[in-house]
file query-v4.cif (mmCIF, C-alpha atoms)
data_structure
loop_
_atom_site.label_atom_id
_atom_site.label_comp_id
_atom_site.auth_asym_id
_atom_site.auth_seq_id
_atom_site.Cartn_x
_atom_site.Cartn_y
_atom_site.Cartn_z
CA GLN E 1 -144.88 -240.53 39.02
CA VAL E 2 -148.08 -240.53 36.98
CA GLN E 3 -149.43 -242.75 34.24
CA LEU E 4 -151.53 -241.34 31.41
CA VAL E 5 -153.94 -243.45 29.39
CA GLU E 6 -155.52 -242.08 26.22
CA SER E 7 -158.71 -243.38 24.67
CA GLY E 8 -161.31 -242.39 22.12
CA GLY E 9 -159.35 -242.67 18.90
CA GLY E 10 -160.59 -244.47 15.83
CA LEU E 11 -161.59 -244.21 12.19
CA VAL E 12 -163.89 -241.36 11.20
CA GLN E 13 -165.02 -239.84 7.92
CA PRO E 14 -164.00 -236.31 6.94
CA GLY E 15 -166.26 -233.81 8.65
CA GLY E 16 -166.88 -236.15 11.56
CA SER E 17 -166.09 -235.81 15.26
CA LEU E 18 -164.18 -237.66 17.93
CA ARG E 19 -163.60 -237.04 21.62
CA LEU E 20 -160.29 -238.10 23.08
CA SER E 21 -159.80 -238.69 26.79
CA CYS E 22 -156.63 -238.83 28.85
CA ALA E 23 -156.99 -240.35 32.29
CA ALA E 24 -154.26 -239.70 34.85
CA SER E 25 -153.39 -242.21 37.56
CA ARG E 26 -153.46 -239.55 40.28
CA SER E 27 -155.01 -236.18 41.01
CA ILE E 28 -154.37 -233.47 38.45
CA PHE E 29 -155.72 -230.73 40.70
CA SER E 30 -152.25 -229.29 41.32
CA ILE E 31 -151.07 -229.77 37.76
CA ASN E 32 -150.86 -226.54 35.82
CA ALA E 33 -150.06 -227.63 32.28
CA MET E 34 -151.59 -230.48 30.31
CA GLY E 35 -151.90 -230.89 26.60
CA TRP E 36 -152.36 -232.92 23.46
CA TYR E 37 -149.75 -233.50 20.78
CA ARG E 38 -149.87 -235.53 17.58
CA GLN E 39 -147.46 -237.27 15.27
CA ALA E 40 -148.26 -238.20 11.71
CA PRO E 41 -146.21 -240.80 9.81
CA GLY E 42 -142.87 -239.36 8.72
CA LYS E 43 -143.42 -236.13 10.62
CA GLN E 44 -142.29 -234.69 13.92
CA ARG E 45 -144.54 -234.59 16.95
CA GLU E 46 -146.43 -231.31 17.07
CA LEU E 47 -148.47 -229.39 19.57
CA VAL E 48 -152.25 -229.59 19.16
CA ALA E 49 -153.59 -227.87 22.28
CA THR E 50 -152.64 -227.04 25.84
CA ILE E 51 -154.62 -226.06 28.92
CA THR E 52 -153.27 -224.24 31.94
CA ARG E 53 -154.72 -222.16 34.76
CA GLY E 54 -154.18 -219.20 32.45
CA GLY E 55 -156.28 -220.58 29.65
CA THR E 56 -156.01 -222.62 26.47
CA ASN E 57 -153.75 -222.55 23.44
CA TYR E 58 -154.25 -224.17 20.05
CA ALA E 59 -152.24 -224.86 16.94
CA ASP E 60 -153.42 -222.68 14.07
CA SER E 61 -154.40 -225.77 12.10
CA VAL E 62 -157.03 -226.82 14.68
CA LYS E 63 -158.34 -223.47 15.94
CA GLY E 64 -162.11 -223.31 15.79
CA ARG E 65 -162.42 -227.08 15.33
CA PHE E 66 -160.82 -228.61 18.44
CA THR E 67 -161.55 -227.87 22.10
CA ILE E 68 -159.40 -228.92 25.05
CA SER E 69 -160.91 -229.21 28.52
CA ARG E 70 -160.16 -230.84 31.85
CA SER E 71 -162.05 -232.40 34.73
CA ASN E 72 -160.11 -232.28 37.98
CA ALA E 73 -162.81 -234.42 39.59
CA LYS E 74 -162.20 -237.18 37.04
CA ASN E 75 -158.43 -236.60 36.68
CA THR E 76 -159.03 -236.41 32.96
CA VAL E 77 -158.21 -234.13 30.06
CA PHE E 78 -160.37 -234.15 26.95
CA LEU E 79 -159.93 -233.15 23.33
CA GLN E 80 -163.14 -232.61 21.38
CA MET E 81 -162.37 -232.75 17.68
CA ASN E 82 -164.95 -231.54 15.18
CA SER E 83 -164.89 -231.04 11.42
CA LEU E 84 -162.08 -233.54 11.13
CA LYS E 85 -159.89 -233.50 8.03
CA PRO E 86 -157.66 -236.20 6.50
CA GLU E 87 -154.64 -234.13 7.56
CA ASP E 88 -155.67 -234.63 11.19
CA THR E 89 -154.71 -238.30 10.85
CA ALA E 90 -152.02 -239.06 13.43
CA VAL E 91 -151.26 -240.71 16.74
CA TYR E 92 -152.45 -238.36 19.46
CA TYR E 93 -150.50 -238.17 22.72
CA CYS E 94 -151.47 -236.73 26.07
CA ASN E 95 -148.85 -234.72 27.97
CA LEU E 96 -148.60 -233.61 31.59
CA VAL E 97 -145.94 -231.32 33.02
CA ASP E 98 -145.34 -231.61 36.78
CA GLY E 99 -142.49 -229.36 37.83
CA LEU E 100 -139.35 -230.67 36.15
CA TYR E 101 -141.04 -233.85 34.99
CA ASP E 102 -142.69 -234.46 31.65
CA TYR E 103 -145.12 -237.38 31.28
CA TRP E 104 -146.58 -238.91 28.12
CA GLY E 105 -149.30 -241.40 27.37
CA GLN E 106 -148.93 -244.28 24.94
CA GLY E 107 -150.94 -242.56 22.23
CA THR E 108 -154.22 -243.21 20.44
CA GLN E 109 -154.61 -243.48 16.68
CA VAL E 110 -156.95 -241.11 14.87
CA THR E 111 -157.60 -241.84 11.21
CA VAL E 112 -159.74 -239.54 9.09
CA SER E 113 -160.64 -241.19 5.81
CA SER E 114 -163.61 -241.87 3.56
#

call {"tool": "encode", "arguments": {"input": "query-v4.cif", "output": "structure tokens"}}
result
Amino acid sequence: QVQLVESGGGLVQPGGSLRLSCAASRSIFSINAMGWYRQAPGKQRELVATITRGGTNYADSVKGRFTISRSNAKNTVFLQMNSLKPEDTAVYYCNLVDGLYDYWGQGTQVTVSS
């Protein structure tokens, strides 16, 4: 069992930046796959970015603007979001896959608006 707690969301103007954090309640050293997803009002949850031992993967809509990283020492996954657009507005969720188990955080709201 693992709990995930996201933080770092908020209101930002178009073109601005935010850094999301996802803190796990236990070591993520042995965890291969972690990622960020988002869900906008009236839309399905979609993949934003994932990080594994093999590398990183991004949705086409965020490539070149978002960067996912992890700190095993801090048991934390980050999502650096630059050049934010109004269409990035959504609740952002952290995800961790541990074998057959799939864990989700409670989400953090990101609103991009002038």

call {"tool": "resolve_selection", "arguments": {"input": "query-v4.cif", "expression": "the PyMOL selection byres ((chain E and resi 25-33) around 10)", "output": "PDB file with C-alpha atoms, in the coordinates of the input"}}
result
ATOM      1  CA  GLN E   1    -144.880-240.530  39.020  1.00  0.00           C
ATOM      2  CA  VAL E   2    -148.080-240.530  36.980  1.00  0.00           C
ATOM      3  CA  GLN E   3    -149.430-242.750  34.240  1.00  0.00           C
ATOM      4  CA  LEU E   4    -151.530-241.340  31.410  1.00  0.00           C
ATOM      5  CA  VAL E   5    -153.940-243.450  29.390  1.00  0.00           C
ATOM      6  CA  CYS E  22    -156.630-238.830  28.850  1.00  0.00           C
ATOM      7  CA  ALA E  23    -156.990-240.350  32.290  1.00  0.00           C
ATOM      8  CA  ALA E  24    -154.260-239.700  34.850  1.00  0.00           C
ATOM      9  CA  MET E  34    -151.590-230.480  30.310  1.00  0.00           C
ATOM     10  CA  GLY E  35    -151.900-230.890  26.600  1.00  0.00           C
ATOM     11  CA  THR E  50    -152.640-227.040  25.840  1.00  0.00           C
ATOM     12  CA  ILE E  51    -154.620-226.060  28.920  1.00  0.00           C
ATOM     13  CA  THR E  52    -153.270-224.240  31.940  1.00  0.00           C
ATOM     14  CA  ARG E  53    -154.720-222.160  34.760  1.00  0.00           C
ATOM     15  CA  GLY E  54    -154.180-219.200  32.450  1.00  0.00           C
ATOM     16  CA  GLY E  55    -156.280-220.580  29.650  1.00  0.00           C
ATOM     17  CA  THR E  56    -156.010-222.620  26.470  1.00  0.00           C
ATOM     18  CA  ARG E  70    -160.160-230.840  31.850  1.00  0.00           C
ATOM     19  CA  SER E  71    -162.050-232.400  34.730  1.00  0.00           C
ATOM     20  CA  ASN E  72    -160.110-232.280  37.980  1.00  0.00           C
ATOM     21  CA  ALA E  73    -162.810-234.420  39.590  1.00  0.00           C
ATOM     22  CA  LYS E  74    -162.200-237.180  37.040  1.00  0.00           C
ATOM     23  CA  ASN E  75    -158.430-236.600  36.680  1.00  0.00           C
ATOM     24  CA  THR E  76    -159.030-236.410  32.960  1.00  0.00           C
ATOM     25  CA  VAL E  77    -158.210-234.130  30.060  1.00  0.00           C
ATOM     26  CA  ASN E  95    -148.850-234.720  27.970  1.00  0.00           C
ATOM     27  CA  LEU E  96    -148.600-233.610  31.590  1.00  0.00           C
ATOM     28  CA  VAL E  97    -145.940-231.320  33.020  1.00  0.00           C
ATOM     29  CA  ASP E  98    -145.340-231.610  36.780  1.00  0.00           C
ATOM     30  CA  GLY E  99    -142.490-229.360  37.830  1.00  0.00           C
TER      31      GLY E  99
END

call {"tool": "residues_around", "arguments": {"input": "query-v4.cif", "residues": "E:Thr111", "least_positions_apart": "3", "cutoff": "7 Å", "atoms": "all atoms listed in the file", "output": "list in words"}}
result
Gly10, Leu11, Val12, Thr89 and Ala90 of chain E

call {"tool": "residues_around", "arguments": {"input": "query-v4.cif", "residues": "E:Tyr93", "least_positions_apart": "3", "cutoff": "9 Å", "atoms": "all atoms listed in the file", "output": "list in words"}}
result
Glu6, Cys22, Gly35, Trp36, Tyr37, Arg38, Gln39, Trp104, Gly105, Gln106, Gly107 and Thr108 of chain E

call {"tool": "closest_residue", "arguments": {"input": "query-v4.cif", "among": "E:Gln13, E:Ser7, E:Ser21, E:Gln44", "to": "E:Phe78", "atoms": "only C-alpha atoms"}}
result
E:Ser21

call {"tool": "resolve_selection", "arguments": {"input": "query-v4.cif", "expression": "the PyMOL selection byres ((chain E and resi 17) around 7)", "output": "list in words"}}
result
Gly15, Gly16, Leu18, Arg19, Met81, Asn82, Ser83 and Leu84 of chain E

call {"tool": "closest_residue", "arguments": {"input": "query-v4.cif", "among": "E:Tyr58, E:Thr67, E:Leu100, E:Pro14", "to": "E:Pro86", "atoms": "only C-alpha atoms"}}
result
E:Pro14

call {"tool": "closest_residue", "arguments": {"input": "query-v4.cif", "among": "E:Gly64, E:Asp102, E:Ala59, E:Val48", "to": "E:Leu79", "atoms": "only C-alpha atoms"}}
result
E:Val48

call {"tool": "atom_distance", "arguments": {"input": "query-v4.cif", "atom1": "atom CA of E:Gln109", "atom2": "atom CA of E:Gly9"}}
result
5.3 Å

call {"tool": "atom_distance", "arguments": {"input": "query-v4.cif", "atom1": "atom CA of E:Asp60", "atom2": "atom CA of E:Ser114"}}
result
24.1 Å
